[in-house]
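Student: I'm passing along coords_2.tsv; it holds TSV, C-alpha atoms (C1' of nucleotides).
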```tsv
chain	number	residue	atom	x	y	z
A	1	MET	CA	-7.35	11.52	22.26
A	2	LYS	CA	-7.87	12.05	18.56
A	3	GLU	CA	-7.53	8.98	16.40
A	4	GLU	CA	-5.73	9.43	13.15
A	5	PHE	CA	-5.17	7.36	10.09
A	6	TYR	CA	-1.82	5.77	9.42
A	7	THR	CA	-0.59	3.20	6.97
A	8	LEU	CA	0.12	-0.23	8.44
A	9	LYS	CA	3.80	0.56	8.51
A	10	GLY	CA	2.96	3.87	10.12
A	11	TYR	CA	1.20	2.16	13.01
A	12	ARG	CA	4.16	-0.14	13.49
A	13	ILE	CA	6.54	2.79	13.76
A	14	LYS	CA	4.20	4.93	15.84
A	15	ASN	CA	3.57	2.21	18.40
A	16	GLU	CA	7.17	1.06	18.44
A	17	GLU	CA	5.99	-2.48	18.10
A	18	ILE	CA	8.66	-4.84	19.27
A	19	LEU	CA	7.72	-7.89	17.29
A	20	SER	CA	7.14	-7.79	13.56
A	21	SER	CA	4.57	-10.11	12.02
A	22	SER	CA	7.35	-12.31	10.74
A	23	MET	CA	9.01	-12.55	14.11
A	24	GLU	CA	5.67	-13.58	15.54
A	25	ASP	CA	5.24	-16.21	12.85
A	26	TYR	CA	8.61	-17.73	13.57
A	27	ILE	CA	8.22	-17.71	17.35
A	28	GLU	CA	4.76	-19.16	17.11
A	29	MET	CA	5.96	-21.94	14.85
A	30	ILE	CA	9.00	-22.73	16.98
A	31	TYR	CA	6.66	-23.03	19.92
A	32	ARG	CA	4.38	-25.35	17.99
A	33	LEU	CA	7.26	-27.52	16.80
A	34	SER	CA	8.77	-27.62	20.28
A	35	GLN	CA	5.64	-29.28	21.51
A	36	LYS	CA	6.07	-32.15	19.06
A	37	SER	CA	9.78	-32.66	19.48
A	38	ASP	CA	12.43	-30.80	21.35
A	39	GLU	CA	14.82	-30.95	18.45
A	40	VAL	CA	13.75	-27.99	16.37
A	41	ARG	CA	16.12	-27.28	13.50
A	42	VAL	CA	16.41	-24.70	10.77
A	43	SER	CA	15.13	-27.18	8.21
A	44	ASP	CA	12.00	-27.99	10.22
A	45	LEU	CA	11.15	-24.38	10.62
A	46	SER	CA	11.81	-23.57	6.98
A	47	LEU	CA	9.60	-26.40	5.91
A	48	ALA	CA	6.82	-25.50	8.30
A	49	LEU	CA	6.76	-21.86	7.29
A	50	ASN	CA	7.40	-22.34	3.61
A	51	VAL	CA	10.50	-20.21	3.54
A	52	ARG	CA	14.03	-21.01	2.39
A	53	PRO	CA	16.67	-21.95	4.95
A	54	PRO	CA	18.66	-18.73	4.62
A	55	SER	CA	15.62	-16.74	5.62
A	56	THR	CA	15.24	-18.88	8.70
A	57	THR	CA	18.89	-18.56	9.63
A	58	LYS	CA	18.66	-14.82	9.36
A	59	MET	CA	15.54	-14.60	11.48
A	60	ILE	CA	16.87	-16.99	14.10
A	61	LYS	CA	19.92	-14.81	14.52
A	62	ARG	CA	17.68	-11.86	15.10
A	63	LEU	CA	15.50	-13.71	17.56
A	64	ALA	CA	18.62	-14.88	19.36
A	65	LYS	CA	19.98	-11.37	19.57
A	66	GLU	CA	16.72	-10.26	21.13
A	67	ASN	CA	16.68	-13.20	23.52
A	68	TYR	CA	13.69	-15.10	22.28
A	69	VAL	CA	15.74	-18.15	21.41
A	70	VAL	CA	19.09	-19.70	22.15
A	71	TYR	CA	20.91	-20.90	19.11
A	72	GLU	CA	24.35	-21.76	17.95
A	73	ARG	CA	25.47	-22.44	14.40
A	74	TYR	CA	24.35	-25.82	13.10
A	75	GLY	CA	22.63	-26.52	16.38
A	76	CYS	CA	19.04	-26.71	17.37
A	77	ILE	CA	16.69	-23.93	18.28
A	78	LYS	CA	15.48	-23.53	21.86
A	79	LEU	CA	13.04	-20.94	23.08
A	80	THR	CA	14.11	-18.97	26.12
A	81	GLU	CA	11.73	-18.25	28.97
A	82	LYS	CA	10.87	-14.98	27.25
A	83	GLY	CA	10.34	-16.78	23.95
A	84	ARG	CA	8.13	-19.38	25.57
A	85	ASP	CA	6.01	-16.70	27.21
A	86	VAL	CA	5.48	-14.93	23.95
A	87	GLY	CA	4.99	-18.18	22.08
A	88	SER	CA	2.23	-19.42	24.31
A	89	LYS	CA	0.40	-16.13	24.03
A	90	LEU	CA	0.72	-16.21	20.27
A	91	LEU	CA	-0.64	-19.72	20.15
A	92	GLU	CA	-3.56	-18.79	22.35
A	93	ARG	CA	-4.26	-15.80	20.14
A	94	HIS	CA	-4.21	-18.10	17.14
A	95	ARG	CA	-6.62	-20.48	18.82
A	96	ILE	CA	-9.06	-17.71	19.67
A	97	ILE	CA	-9.15	-16.33	16.16
A	98	PHE	CA	-9.39	-19.78	14.63
A	99	GLU	CA	-12.34	-20.73	16.80
A	100	PHE	CA	-14.07	-17.49	16.04
A	101	LEU	CA	-13.74	-18.09	12.33
A	102	GLU	CA	-14.91	-21.68	12.69
A	103	CYS	CA	-17.87	-20.42	14.58
A	104	LEU	CA	-18.59	-17.93	11.82
A	105	GLY	CA	-18.76	-20.85	9.45
A	106	VAL	CA	-15.57	-20.09	7.54
A	107	LYS	CA	-14.45	-23.15	5.59
A	108	GLU	CA	-12.09	-21.93	2.88
A	109	ASN	CA	-8.64	-20.67	3.76
A	110	ILE	CA	-9.45	-20.62	7.42
A	111	LEU	CA	-5.81	-21.08	8.38
A	112	GLU	CA	-4.67	-18.27	6.13
A	113	GLN	CA	-7.35	-15.97	7.45
A	114	THR	CA	-6.45	-16.86	11.01
A	115	GLU	CA	-2.80	-16.17	10.37
A	116	LYS	CA	-3.55	-12.81	8.85
A	117	ILE	CA	-6.07	-11.62	11.40
A	118	GLU	CA	-4.08	-12.72	14.41
A	119	HIS	CA	-1.36	-10.23	13.58
A	120	ALA	CA	-3.88	-7.42	13.49
A	121	VAL	CA	-5.77	-7.69	16.75
A	122	ASN	CA	-4.73	-6.18	20.06
A	123	ASN	CA	-5.47	-7.72	23.44
A	124	ASP	CA	-8.66	-5.86	23.96
A	125	VAL	CA	-10.17	-6.97	20.67
A	126	LEU	CA	-8.87	-10.47	21.19
A	127	GLU	CA	-10.60	-10.79	24.53
A	128	LYS	CA	-13.80	-9.42	23.16
A	129	ILE	CA	-13.74	-11.85	20.28
A	130	ASN	CA	-13.09	-14.63	22.71
A	131	GLU	CA	-16.11	-13.68	24.80
A	132	LEU	CA	-18.24	-13.36	21.71
A	133	THR	CA	-17.20	-16.78	20.47
A	134	LYS	CA	-18.18	-18.35	23.77
A	135	VAL	CA	-21.57	-16.72	23.58
A	136	LEU	CA	-22.06	-17.73	19.98
A	137	LYS	CA	-21.05	-21.28	20.77
A	138	ASP	CA	-23.56	-21.99	23.41
A	139	GLU	CA	-26.33	-19.60	22.60
A	140	ILE	CA	-26.89	-19.18	18.94
A	141	LEU	CA	-24.94	-21.89	17.30
A	142	PRO	CA	-27.65	-22.61	14.75
A	143	PHE	CA	-26.93	-19.31	13.05
B	1	MET	CA	-6.72	-29.09	-0.39
B	2	LYS	CA	-4.13	-29.04	2.38
B	3	GLU	CA	-3.69	-25.77	4.17
B	4	GLU	CA	-0.18	-24.80	5.04
B	5	PHE	CA	1.43	-22.16	7.13
B	6	TYR	CA	3.15	-19.21	5.54
B	7	THR	CA	4.48	-15.95	6.86
B	8	LEU	CA	2.40	-12.88	6.02
B	9	LYS	CA	4.78	-12.03	3.24
B	10	GLY	CA	4.57	-15.61	2.07
B	11	TYR	CA	0.82	-15.41	1.65
B	12	ARG	CA	1.17	-12.21	-0.32
B	13	ILE	CA	3.60	-13.83	-2.74
B	14	LYS	CA	1.72	-17.13	-2.95
B	15	ASN	CA	-1.60	-15.47	-3.76
B	16	GLU	CA	-0.03	-12.92	-6.07
B	17	GLU	CA	-1.99	-10.24	-4.34
B	18	ILE	CA	-2.28	-7.24	-6.55
B	19	LEU	CA	-2.73	-4.54	-3.95
B	20	SER	CA	-0.40	-4.19	-1.01
B	21	SER	CA	-1.75	-2.92	2.29
B	22	SER	CA	-0.19	0.43	1.62
B	23	MET	CA	-1.71	0.72	-1.81
B	24	GLU	CA	-5.06	-0.05	-0.25
B	25	ASP	CA	-4.53	2.61	2.39
B	26	TYR	CA	-3.76	5.26	-0.18
B	27	ILE	CA	-6.62	4.37	-2.50
B	28	GLU	CA	-9.06	4.22	0.37
B	29	MET	CA	-7.95	7.63	1.58
B	30	ILE	CA	-8.04	9.20	-1.86
B	31	TYR	CA	-11.58	7.92	-2.17
B	32	ARG	CA	-12.51	9.38	1.19
B	33	LEU	CA	-10.95	12.74	0.39
B	34	SER	CA	-12.57	12.81	-3.04
B	35	GLN	CA	-15.93	12.74	-1.36
B	36	LYS	CA	-15.17	15.93	0.55
B	37	SER	CA	-13.56	17.86	-2.25
B	38	ASP	CA	-12.56	16.99	-5.76
B	39	GLU	CA	-9.21	18.66	-5.42
B	40	VAL	CA	-7.12	15.98	-3.80
B	41	ARG	CA	-3.46	16.89	-3.64
B	42	VAL	CA	-0.28	15.26	-2.46
B	43	SER	CA	-0.24	17.40	0.66
B	44	ASP	CA	-3.79	16.42	1.65
B	45	LEU	CA	-3.03	12.78	1.28
B	46	SER	CA	0.26	13.04	3.16
B	47	LEU	CA	-1.46	14.82	5.99
B	48	ALA	CA	-4.34	12.38	6.14
B	49	LEU	CA	-2.12	9.32	6.20
B	50	ASN	CA	0.64	10.74	8.34
B	51	VAL	CA	3.36	10.15	5.81
B	52	ARG	CA	5.83	12.59	4.26
B	53	PRO	CA	5.13	14.03	0.83
B	54	PRO	CA	7.88	12.10	-0.95
B	55	SER	CA	6.28	8.84	0.15
B	56	THR	CA	3.00	9.99	-1.31
B	57	THR	CA	4.57	11.08	-4.57
B	58	LYS	CA	6.21	7.71	-4.92
B	59	MET	CA	3.03	5.80	-4.22
B	60	ILE	CA	0.93	7.97	-6.51
B	61	LYS	CA	3.30	7.23	-9.35
B	62	ARG	CA	2.86	3.56	-8.71
B	63	LEU	CA	-0.91	3.84	-8.53
B	64	ALA	CA	-0.88	5.85	-11.73
B	65	LYS	CA	1.23	3.25	-13.50
B	66	GLU	CA	-1.27	0.60	-12.48
B	67	ASN	CA	-4.21	2.74	-13.53
B	68	TYR	CA	-5.86	3.40	-10.23
B	69	VAL	CA	-5.36	7.14	-10.49
B	70	VAL	CA	-4.62	9.79	-13.06
B	71	TYR	CA	-1.95	12.21	-12.06
B	72	GLU	CA	0.47	14.66	-13.53
B	73	ARG	CA	3.32	16.43	-11.76
B	74	TYR	CA	2.16	19.19	-9.45
B	75	GLY	CA	-1.43	18.46	-10.35
B	76	CYS	CA	-4.26	16.89	-8.45
B	77	ILE	CA	-5.07	13.26	-7.93
B	78	LYS	CA	-8.10	11.72	-9.60
B	79	LEU	CA	-9.26	8.16	-9.21
B	80	THR	CA	-9.96	6.28	-12.42
B	81	GLU	CA	-13.03	4.11	-12.86
B	82	LYS	CA	-10.93	1.18	-11.66
B	83	GLY	CA	-9.67	3.18	-8.70
B	84	ARG	CA	-13.18	4.23	-7.73
B	85	ASP	CA	-14.40	0.65	-7.89
B	86	VAL	CA	-11.66	-0.52	-5.61
B	87	GLY	CA	-12.00	2.51	-3.37
B	88	SER	CA	-15.66	2.04	-2.73
B	89	LYS	CA	-15.13	-1.61	-1.88
B	90	LEU	CA	-12.33	-0.69	0.50
B	91	LEU	CA	-14.51	1.88	2.20
B	92	GLU	CA	-17.32	-0.60	2.56
B	93	ARG	CA	-14.91	-3.14	4.02
B	94	HIS	CA	-13.72	-0.51	6.46
B	95	ARG	CA	-17.29	0.26	7.47
B	96	ILE	CA	-18.12	-3.40	8.07
B	97	ILE	CA	-15.11	-3.98	10.28
B	98	PHE	CA	-15.63	-0.73	12.14
B	99	GLU	CA	-19.24	-1.55	12.91
B	100	PHE	CA	-18.32	-5.01	14.02
B	101	LEU	CA	-15.78	-3.64	16.46
B	102	GLU	CA	-18.21	-1.02	17.71
B	103	CYS	CA	-20.70	-3.74	18.26
B	104	LEU	CA	-18.11	-5.73	20.20
B	105	GLY	CA	-17.77	-2.76	22.48
B	106	VAL	CA	-14.29	-1.73	21.40
B	107	LYS	CA	-13.58	1.83	22.51
B	108	GLU	CA	-9.81	2.27	22.49
B	109	ASN	CA	-7.91	2.42	19.22
B	110	ILE	CA	-10.93	1.35	17.28
B	111	LEU	CA	-9.73	3.11	14.14
B	112	GLU	CA	-6.29	1.53	14.35
B	113	GLN	CA	-7.79	-1.89	14.90
B	114	THR	CA	-10.16	-1.40	12.00
B	115	GLU	CA	-7.33	-0.35	9.73
B	116	LYS	CA	-5.27	-3.35	10.66
B	117	ILE	CA	-7.99	-5.95	10.48
B	118	GLU	CA	-9.47	-4.71	7.22
B	119	HIS	CA	-6.27	-5.62	5.39
B	120	ALA	CA	-6.47	-9.14	6.71
B	121	VAL	CA	-9.96	-10.33	5.86
B	122	ASN	CA	-11.05	-11.85	2.56
B	123	ASN	CA	-14.51	-11.44	1.07
B	124	ASP	CA	-15.91	-14.55	2.61
B	125	VAL	CA	-14.92	-13.57	6.13
B	126	LEU	CA	-16.02	-10.02	5.52
B	127	GLU	CA	-19.50	-11.10	4.51
B	128	LYS	CA	-19.78	-13.41	7.45
B	129	ILE	CA	-18.74	-10.68	9.84
B	130	ASN	CA	-21.26	-8.40	8.23
B	131	GLU	CA	-24.05	-10.91	8.76
B	132	LEU	CA	-22.96	-11.50	12.30
B	133	THR	CA	-22.95	-7.80	13.07
B	134	LYS	CA	-26.48	-7.45	11.80
B	135	VAL	CA	-27.62	-10.30	14.00
B	136	LEU	CA	-25.78	-8.91	17.00
B	137	LYS	CA	-27.24	-5.49	16.42
B	138	ASP	CA	-30.86	-6.40	16.51
B	139	GLU	CA	-30.91	-9.57	18.52
B	140	ILE	CA	-28.48	-9.53	21.35
B	141	LEU	CA	-27.31	-5.99	21.61
B	142	PRO	CA	-27.40	-6.04	25.39
B	143	PHE	CA	-24.41	-8.33	25.43
C	1	DT	C1'	37.84	-43.18	7.32
C	2	DT	C1'	36.65	-40.96	3.81
C	3	DA	C1'	33.31	-39.74	0.05
C	4	DG	C1'	28.96	-38.09	-0.79
C	5	DA	C1'	24.58	-36.42	0.76
C	6	DA	C1'	22.10	-33.51	3.65
C	7	DT	C1'	21.85	-29.52	6.19
C	8	DG	C1'	23.15	-24.82	7.42
C	9	DT	C1'	25.48	-20.33	6.54
C	10	DT	C1'	27.20	-16.37	4.06
C	11	DA	C1'	27.16	-12.96	0.73
C	12	DG	C1'	24.77	-10.30	-1.87
C	13	DC	C1'	20.60	-9.22	-4.61
C	14	DT	C1'	15.45	-7.64	-4.73
C	15	DT	C1'	11.17	-5.12	-3.47
C	16	DT	C1'	8.39	-2.37	-0.44
C	17	DG	C1'	7.61	1.66	1.76
C	18	DG	C1'	9.22	4.66	4.77
C	19	DC	C1'	12.60	8.82	5.52
C	20	DT	C1'	15.71	13.38	4.80
C	21	DA	C1'	18.06	16.80	2.10
C	22	DA	C1'	18.25	19.32	-1.82
C	23	DC	C1'	16.12	21.05	-5.67
C	24	DA	C1'	12.12	22.50	-8.74
C	25	DT	C1'	7.82	24.49	-9.51
C	26	DG	C1'	3.83	27.25	-8.47
C	27	DT	C1'	1.45	30.81	-5.86
C	28	DT	C1'	1.09	34.98	-3.38
C	29	DT	C1'	2.41	39.37	-1.90
C	30	DT	C1'	4.66	43.47	-2.04
D	1	DA	C1'	7.57	41.41	-11.96
D	2	DA	C1'	10.41	39.82	-8.38
D	3	DA	C1'	10.90	37.96	-3.87
D	4	DA	C1'	9.33	34.95	-0.60
D	5	DC	C1'	6.67	31.19	0.66
D	6	DA	C1'	4.28	26.84	-0.03
D	7	DT	C1'	4.05	22.75	-2.33
D	8	DG	C1'	5.91	18.89	-4.93
D	9	DT	C1'	9.74	16.05	-6.81
D	10	DT	C1'	14.16	13.77	-7.05
D	11	DA	C1'	17.92	11.35	-5.37
D	12	DG	C1'	19.52	8.51	-2.35
D	13	DC	C1'	19.42	6.31	2.21
D	14	DC	C1'	17.45	2.60	5.49
D	15	DA	C1'	15.27	-1.70	7.42
D	16	DA	C1'	12.60	-5.81	6.81
D	17	DA	C1'	12.18	-10.08	4.88
D	18	DG	C1'	12.32	-12.66	1.20
D	19	DC	C1'	15.39	-15.02	-2.50
D	20	DT	C1'	19.61	-17.59	-5.11
D	21	DA	C1'	24.28	-19.14	-5.53
D	22	DA	C1'	28.24	-20.54	-3.43
D	23	DC	C1'	30.46	-22.25	0.41
D	24	DA	C1'	30.92	-24.72	5.05
D	25	DT	C1'	29.78	-28.15	8.20
D	26	DT	C1'	27.83	-32.32	9.82
D	27	DC	C1'	26.01	-36.89	9.21
D	28	DT	C1'	25.84	-41.37	6.99
D	29	DA	C1'	27.21	-45.20	4.79
D	30	DA	C1'	30.58	-47.69	1.81
```
Rewrite the structure from the file as structure tokens, please.

Tutor:
Amino acid sequence: MKEEFYTLKGYRIKNEEILSSSMEDYIEMIYRLSQKSDEVRVSDLSLALNVRPPSTTKMIKRLAKENYVVYERYGCIKLTEKGRDVGSKLLERHRIIFEFLECLGVKENILEQTEKIEHAVNNDVLEKINELTKVLKDEILPF
Amino acid sequence: MKEEFYTLKGYRIKNEEILSSSMEDYIEMIYRLSQKSDEVRVSDLSLALNVRPPSTTKMIKRLAKENYVVYERYGCIKLTEKGRDVGSKLLERHRIIFEFLECLGVKENILEQTEKIEHAVNNDVLEKINELTKVLKDEILPF
DNA sequence: TTAGAATGTTAGCTTTGGCTAACATGTTTT
DNA sequence: AAAACATGTTAGCCAAAGCTAACATTCTAA
């Protein structure tokens, strides 16, 4: 199985990825906000993600069409079962990358780096990073 | 300095990043191809990156406008000083991520994962990963 | 209860980076 | 040198994901 180069967009198309990075960002954030309060609204999400409300409305419609959330105009945003499943995985992925970076000693822009890297890794790499972090944590922390 | 969430696109805008992922992919590949032969043409680049020639033409024009390459219609593509600088850094970044993944034991889609992750990391994280890989390599390789 | 403020939606614009179809240029072969 | 082929460019389309401006709805408080 030859491996070939593609552009980022090329990989997305080639692999028929179902969730774009943005969709992941929104679902992840809805999940996070849902844990604090079960009234998640367009304004909360916009604020949390630093986007304007119309962008949120547009994305929510898309997520609703693809059954990640239930939403009706002017209402509040609820994750579906499917959305919750995805959301919890995304949050776990975030946690794993964040802890790895912490463990590496990253101090500046750690959130930004987490957010960027999390969209890049597949399950295999994620698991391996997770294992590595565990090892680093209790074997060579003074590194 | 509070850290806030953004979408991927949001980070790009906020940081006024000068090179998009695609631009990086093209420059990196031109650099790679230039090492094999100094006649890099639109068709070579298209083939290498799995994009259609019109996409390459368009991007080359952009890279030329921003002084990463010198190009004239139907001619061949040459990196400028600036382009070579960037290119060699991109290749080095690629190498560091690739070796890290190898070291993690990644076998499947290692090139794809490298290509995705390399666009995500900043210099700080890159250096830290580089250090870590060195340590892993000669201290705990049987891991 | 109605006016004003706050929140949400719509319409329509922008950029990026793909694509195809059609055309232009260059190269090779007869 | 002309025909045929290979390569490159142009024009114009598309989707994603942002944005602003204008409008609609809902909430709050006088």

Student: Please provide as a ChimeraX atom specification all residues within 10 Å of D:DA24, with the sequence filter that same-chain residues fewer than 4 positions apart are discarded (counting only C-alpha atoms (C1' of nucleotides)).

Tutor: /C:8-10

Student: Do you know which residues are at most 12 Å from D:DA11 counting all atoms listed in the file, after dropping those on the same chain fewer than 2 positions away, and could you put them as a PyMOL selection string?

Tutor: (chain B and resi 54) or (chain C and resi 20-23) or (chain D and resi 9+13)

Student: Wanna dump the chain B-chain A contacts at 8 Å for me, each residue with its shortest atom pair and the distance in Å to one decimal, counting all atoms listed in the file, ordered by chain and number, as CSV?

Tutor:
```
residue,atom,partner,partner_atom,distance
B:Glu3,CA,A:Leu111,CA,6.6
B:Glu4,CA,A:Leu111,CA,7.5
B:Phe5,CA,A:Leu49,CA,5.3
B:Tyr6,CA,A:Leu49,CA,4.8
B:Thr7,CA,A:Asp25,CA,6.0
B:Leu8,CA,A:Lys116,CA,6.6
B:Lys9,CA,A:Ser22,CA,7.9
B:Gly10,CA,A:Asn50,CA,7.5
B:Tyr11,CA,A:Glu112,CA,7.6
B:Ser21,CA,A:Leu8,CA,7.0
B:Ser22,CA,A:Thr7,CA,6.0
B:Asp25,CA,A:Thr7,CA,6.1
B:Ala48,CA,A:Phe5,CA,6.4
B:Leu49,CA,A:Tyr6,CA,4.8
B:Asn50,CA,A:Tyr6,CA,5.6
B:Val51,CA,A:Gly10,CA,7.6
B:Leu101,CA,A:Val125,CA,7.8
B:Leu104,CA,A:Lys128,CA,6.4
B:Gly105,CA,A:Lys128,CA,7.8
B:Val106,CA,A:Val125,CA,6.7
B:Asn109,CA,A:Glu3,CA,7.2
B:Leu111,CA,A:Glu3,CA,6.7
B:Glu112,CA,A:Phe5,CA,7.3
B:Gln113,CA,A:Val121,CA,6.4
B:Glu115,CA,A:Leu8,CA,7.6
B:Lys116,CA,A:Ala120,CA,5.1
B:Ile117,CA,A:Ala120,CA,5.3
B:Ala120,CA,A:Lys116,CA,5.2
B:Val121,CA,A:Gln113,CA,6.4
B:Asn122,CA,A:Gln113,CA,7.4
B:Asp124,CA,A:Val106,CA,7.4
B:Val125,CA,A:Val106,CA,6.7
B:Lys128,CA,A:Leu104,CA,6.4
B:Ile129,CA,A:Leu104,CA,7.5
B:Leu132,CA,A:Leu104,CA,7.8
```

Student: Grab the residues selected above and save them as a PDB file, in the frame of the given file with C-alpha atoms.

Tutor:
```
ATOM      1  CA  GLU B   3      -3.690 -25.770   4.170  1.00  0.00           C
ATOM      2  CA  GLU B   4      -0.180 -24.800   5.040  1.00  0.00           C
ATOM      3  CA  PHE B   5       1.430 -22.160   7.130  1.00  0.00           C
ATOM      4  CA  TYR B   6       3.150 -19.210   5.540  1.00  0.00           C
ATOM      5  CA  THR B   7       4.480 -15.950   6.860  1.00  0.00           C
ATOM      6  CA  LEU B   8       2.400 -12.880   6.020  1.00  0.00           C
ATOM      7  CA  LYS B   9       4.780 -12.030   3.240  1.00  0.00           C
ATOM      8  CA  GLY B  10       4.570 -15.610   2.070  1.00  0.00           C
ATOM      9  CA  TYR B  11       0.820 -15.410   1.650  1.00  0.00           C
ATOM     10  CA  SER B  21      -1.750  -2.920   2.290  1.00  0.00           C
ATOM     11  CA  SER B  22      -0.190   0.430   1.620  1.00  0.00           C
ATOM     12  CA  ASP B  25      -4.530   2.610   2.390  1.00  0.00           C
ATOM     13  CA  ALA B  48      -4.340  12.380   6.140  1.00  0.00           C
ATOM     14  CA  LEU B  49      -2.120   9.320   6.200  1.00  0.00           C
ATOM     15  CA  ASN B  50       0.640  10.740   8.340  1.00  0.00           C
ATOM     16  CA  VAL B  51       3.360  10.150   5.810  1.00  0.00           C
ATOM     17  CA  LEU B 101     -15.780  -3.640  16.460  1.00  0.00           C
ATOM     18  CA  LEU B 104     -18.110  -5.730  20.200  1.00  0.00           C
ATOM     19  CA  GLY B 105     -17.770  -2.760  22.480  1.00  0.00           C
ATOM     20  CA  VAL B 106     -14.290  -1.730  21.400  1.00  0.00           C
ATOM     21  CA  ASN B 109      -7.910   2.420  19.220  1.00  0.00           C
ATOM     22  CA  LEU B 111      -9.730   3.110  14.140  1.00  0.00           C
ATOM     23  CA  GLU B 112      -6.290   1.530  14.350  1.00  0.00           C
ATOM     24  CA  GLN B 113      -7.790  -1.890  14.900  1.00  0.00           C
ATOM     25  CA  GLU B 115      -7.330  -0.350   9.730  1.00  0.00           C
ATOM     26  CA  LYS B 116      -5.270  -3.350  10.660  1.00  0.00           C
ATOM     27  CA  ILE B 117      -7.990  -5.950  10.480  1.00  0.00           C
ATOM     28  CA  ALA B 120      -6.470  -9.140   6.710  1.00  0.00           C
ATOM     29  CA  VAL B 121      -9.960 -10.330   5.860  1.00  0.00           C
ATOM     30  CA  ASN B 122     -11.050 -11.850   2.560  1.00  0.00           C
ATOM     31  CA  ASP B 124     -15.910 -14.550   2.610  1.00  0.00           C
ATOM     32  CA  VAL B 125     -14.920 -13.570   6.130  1.00  0.00           C
ATOM     33  CA  LYS B 128     -19.780 -13.410   7.450  1.00  0.00           C
ATOM     34  CA  ILE B 129     -18.740 -10.680   9.840  1.00  0.00           C
ATOM     35  CA  LEU B 132     -22.960 -11.500  12.300  1.00  0.00           C
TER      36      LEU B 132
END
```

Student: Restricting the calculation to all atoms listed in the file: of A:Thr133, A:Ser43, A:Ser55, A:Thr80, which residue gets closest to C:DT7?

Tutor: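 When distances to C:DT7 are compared using all atoms listed in the file, the smallest one comes from A:Ser43.
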
Student: What does the distance between atom CA of A:Leu19 and atom CA of A:Glu92 come to in Å, to one decimal place?

Tutor: 16.5 Å

Student: I'd like the neighbourhood of B:Asp85 as an MDAnalysis selection string, where a residue qualifies if any of its atoms comes within 10 Å (using only C-alpha atoms (C1' of nucleotides)), though same-chain residues fewer than 6 positions away should be ignored.

Tutor: chainID B and resid 31 68 79

Student: Just the number, please: distance in Å from atom CA of A:Arg62 to atom CA of B:Lys14, one decimal.

Tutor: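 These atoms are spaced 24.7 Å apart.
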
Student: Ranking A:Thr56, A:Glu72, A:Arg32, A:Cys103 by minimum distance to D:DA17 and counting only C-alpha atoms (C1' of nucleotides), which one comes first?

Tutor: A:Thr56

Student: For chain D against chain A, with a cut-off of 8 Å and counting all atoms listed in the file, what is the closest atom pair and its distance in Å to one decimal for every residue that makes the cut, ordered by chain and number, as CSV?

Tutor:
```
residue,atom,partner,partner_atom,distance
D:DA17,C1',A:Ser55,CA,7.5
D:DG18,C1',A:Ser55,CA,6.9
D:DC19,C1',A:Arg52,CA,7.9
D:DT25,C1',A:Tyr74,CA,7.7
```

Student: How far is it from atom CA of A:Val40 to atom C1' of C:DG12, in Å with one decimal?

Tutor: 27.7 Å

Student: Quick one: of A:Glu28, A:Glu99, A:Glu39, A:Asp44, who's nearest to chain C, counting only C-alpha atoms (C1' of nucleotides)?

Tutor: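 Smallest distance to chain C is found for A:Asp44.
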
Student: Find the residues of chain C in contact range of chain B, meaning any atom within 8 Å when counting all atoms listed in the file, and list them as a list in words.

Tutor: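 Result: DG17, DG18, DC19 and DT25 of chain C.
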
Student: For A:Asn130, which residue out of A:Lys61, A:Arg93, A:Arg12, A:Lys78 is the nearest one, using only C-alpha atoms?

Tutor: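 So, comparing all the options, the nearest one is A:Arg93.
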
Student: Taking 6 positions as the minimum chain separation for residues in the same chain, which residues sit within 12 Å of C:DA11 when counting only C-alpha atoms (C1' of nucleotides)? Answer as a ChimeraX atom specification.

Tutor: /A:54 /D:20-23

Student: Since the input is missing atoms, can you rebuild N, CA, C and O atoms for stretch 126-131 of chain B and write them as a PDB file, keeping the file's coordinate frame?

Tutor:
```pdb
ATOM      1  N   LEU B 126     -15.390 -11.324   5.415  1.00  0.00           N
ATOM      2  CA  LEU B 126     -16.020 -10.020   5.520  1.00  0.00           C
ATOM      3  C   LEU B 126     -17.546 -10.138   5.525  1.00  0.00           C
ATOM      4  O   LEU B 126     -18.233  -9.559   6.362  1.00  0.00           O
ATOM      5  N   GLU B 127     -18.049 -10.919   4.592  1.00  0.00           N
ATOM      6  CA  GLU B 127     -19.500 -11.100   4.510  1.00  0.00           C
ATOM      7  C   GLU B 127     -20.047 -11.740   5.771  1.00  0.00           C
ATOM      8  O   GLU B 127     -21.091 -11.349   6.285  1.00  0.00           O
ATOM      9  N   LYS B 128     -19.298 -12.713   6.252  1.00  0.00           N
ATOM     10  CA  LYS B 128     -19.780 -13.410   7.450  1.00  0.00           C
ATOM     11  C   LYS B 128     -19.781 -12.484   8.655  1.00  0.00           C
ATOM     12  O   LYS B 128     -20.692 -12.525   9.477  1.00  0.00           O
ATOM     13  N   ILE B 129     -18.774 -11.646   8.734  1.00  0.00           N
ATOM     14  CA  ILE B 129     -18.740 -10.680   9.840  1.00  0.00           C
ATOM     15  C   ILE B 129     -19.887  -9.696   9.694  1.00  0.00           C
ATOM     16  O   ILE B 129     -20.534  -9.324  10.667  1.00  0.00           O
ATOM     17  N   ASN B 130     -20.156  -9.325   8.478  1.00  0.00           N
ATOM     18  CA  ASN B 130     -21.260  -8.400   8.230  1.00  0.00           C
ATOM     19  C   ASN B 130     -22.591  -8.988   8.704  1.00  0.00           C
ATOM     20  O   ASN B 130     -23.363  -8.333   9.407  1.00  0.00           O
ATOM     21  N   GLU B 131     -22.819 -10.236   8.327  1.00  0.00           N
ATOM     22  CA  GLU B 131     -24.050 -10.910   8.760  1.00  0.00           C
ATOM     23  C   GLU B 131     -24.128 -10.968  10.275  1.00  0.00           C
ATOM     24  O   GLU B 131     -25.155 -10.684  10.881  1.00  0.00           O
TER      25      GLU B 131
END
```
